Structure formats: structure tokens, C-alpha cells
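Peer 1: Contents of coords.cif (mmCIF, C-alpha atoms):
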data_target
loop_
_atom_site.label_atom_id
_atom_site.label_comp_id
_atom_site.auth_asym_id
_atom_site.auth_seq_id
_atom_site.Cartn_x
_atom_site.Cartn_y
_atom_site.Cartn_z
CA MET A 518 -8.05 -14.20 -8.96
CA ALA A 519 -5.14 -12.44 -7.25
CA ILE A 520 -3.73 -9.18 -8.52
CA ASN A 521 0.02 -9.02 -7.91
CA TYR A 522 1.93 -5.75 -7.99
CA VAL A 523 5.60 -6.12 -9.02
CA CYS A 524 8.27 -3.49 -9.67
CA ARG A 525 9.04 -3.45 -13.38
CA HIS A 526 12.70 -2.59 -12.75
CA CYS A 527 13.91 -4.66 -9.78
CA ARG A 528 11.10 -7.28 -9.87
CA THR A 529 10.40 -6.80 -6.14
CA HIS A 530 6.95 -7.93 -5.06
CA GLN A 531 5.07 -4.80 -3.93
CA GLY A 532 1.78 -6.30 -2.82
CA VAL A 533 -1.20 -8.42 -3.70
CA ILE A 534 -4.94 -7.96 -3.74
CA ASP A 535 -6.58 -11.32 -3.25
CA SER A 536 -10.23 -10.52 -3.63
CA ARG A 537 -12.58 -12.00 -6.15
CA GLY A 538 -14.94 -9.05 -5.75
CA ILE A 539 -12.49 -6.42 -6.97
CA SER A 540 -12.84 -5.25 -10.56
CA GLU A 541 -10.41 -3.63 -12.95
CA SER A 542 -12.62 -0.55 -13.05
CA ARG A 543 -12.51 -0.23 -9.26
CA LEU A 544 -8.69 -0.28 -9.44
CA GLY A 545 -8.70 2.26 -12.28
CA LEU A 546 -7.17 -0.15 -14.76
CA ASP A 547 -10.05 0.35 -17.19
CA ALA A 548 -8.77 3.91 -17.82
CA LEU A 549 -5.59 2.59 -19.47
CA THR A 550 -5.14 2.76 -23.22
CA PRO A 551 -4.54 -0.55 -25.06
CA GLU A 552 -0.82 0.30 -25.29
CA GLU A 553 -0.63 1.05 -21.56
CA ARG A 554 -2.45 -2.19 -20.76
CA ARG A 555 0.09 -4.19 -22.78
CA ASP A 556 2.94 -2.42 -20.97
CA ILE A 557 1.52 -2.58 -17.44
CA ILE A 558 -0.68 -5.70 -17.15
CA ALA A 559 0.35 -9.31 -17.67
CA TYR A 560 -1.06 -12.68 -16.59
CA ASP A 561 0.86 -15.61 -15.15
CA PHE A 562 0.31 -19.29 -15.94
CA ASN A 563 -2.36 -19.51 -13.21
CA GLY A 564 -4.33 -16.68 -14.77
CA GLU A 565 -3.45 -14.26 -12.01
CA MET A 566 -2.92 -10.64 -12.97
CA ILE A 567 0.51 -9.02 -12.65
CA VAL A 568 0.54 -5.22 -12.59
CA ASN A 569 3.97 -3.76 -13.33
CA VAL A 570 4.64 -0.66 -11.23
CA THR A 571 7.75 1.25 -10.14
CA CYS A 572 8.74 0.91 -6.48
CA ASP A 573 9.89 3.90 -4.43
CA HIS A 574 13.54 2.80 -4.48
CA CYS A 575 13.64 2.52 -8.27
CA ARG A 576 11.67 5.75 -8.73
CA GLU A 577 14.17 7.64 -6.57
CA ALA A 578 17.13 6.09 -8.40
CA LEU A 579 15.65 7.01 -11.79
CA GLU A 580 14.92 10.56 -10.63
CA MET A 581 18.50 10.99 -9.40
CA HIS A 582 20.03 9.31 -12.47
CA PRO A 583 17.67 9.72 -15.45
CA GLU A 584 20.27 8.19 -17.77
CA LEU A 585 19.42 4.81 -16.22
CA SER A 586 16.13 4.86 -18.13
CA LEU A 587 18.13 4.36 -21.33
CA LEU A 588 19.19 0.87 -20.21
CA ALA A 589 17.02 -2.19 -20.81
CA SER A 590 17.30 -3.38 -17.17
CA PRO A 591 18.69 -0.44 -15.25
CA LEU A 592 18.12 -1.55 -11.66
CA GLN A 593 18.34 -5.32 -11.57
#
Would you mind writing the file's structure down as C-alpha cells?
Peer 2:
Amino acid sequence: MAINYVCRHCRTHQGVIDSRGISESRLGLDALTPEERRDIIAYDFNGEMIVNVTCDHCREALEMHPELSLLASPLQ
């Protein structure tokens, strides 16, 4: 099962971990609350995990313009 990291704002692919031996606990995902899990982790139609993160570009834009966080899709 691959674990794909995608920016939640601009949908840019950030990376992939393609290892069957990696566990959620090793990645620290087991420390998430149920609400955080629903917000951060999704699965595609192949059963691969998608972890929604914020890329550096979007993080910088949101730090410089915090009002963008009020929009549903601020950086698409």
C-alpha cells in the first residue's frame, strides 16, 4: 500500500512512501485524534492512503495572508 502526501490547498503531490513494511504508528499517524484522522487521512479507490498536508508554498502564503484561511479553496 502506498502512502501519498498531497497538499490540502493546491493539491500538489508532495511525495509517496511505497513500502509495505511501514506502519501508521511508525509515521506517527496513530497519535491523531479521530477528528484529525478524518481531516488528514483519506483513501483512494485503490485503497492507497492519502495524507493531506500543507506544502511550503501554501504555508508561506497563509502566513503572509491569514485571511486566505477563511476561503474554502484559498490557493487553488
Peer 1: Since I can't run it myself right now, could you work out what the PyMOL selection byres ((chain A and resi 574) around 12) selects here and report it as a PyMOL selection string?
Peer 2: chain A and resi 524-529+531+570-573+575-581+592-593
Peer 1: Could you jot down the CA of Ala548 in chain A to CA of Asn563 in chain A separation for me, Å, one decimal place?
Peer 2: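 Straight-line distance from CA of Ala548 in chain A to CA of Asn563 in chain A works out to 24.7 Å.
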Peer 1: In Å, rounded to a single decimal, give me how far CA of Val568 in chain A is from CA of Leu549 in chain A.
Peer 2: 12.1 Å
Peer 1: Check what the PyMOL selection byres ((chain A and resi 555-559) around 12) selects in the file above and give those residues as a PyMOL selection string.
Peer 2: chain A and resi 520-525+541+546-547+549-554+560-571
Peer 1: Rounded to one decimal place, report the CA of Arg543 in chain A-CA of His530 in chain A distance in Å.
Peer 2: 21.3 Å
Peer 1: Around all the atoms of range 552-559 of chain A listed in the file, with 5 Å of room on each side, what axis-aligned box do you get, giving centre and edge lengths in Å to one decimal, as AutoDock Vina command-line options?
Peer 2:
--center_x 0.2 --center_y -4.1 --center_z -21.2 --size_x 15.4 --size_y 20.4 --size_z 18.1
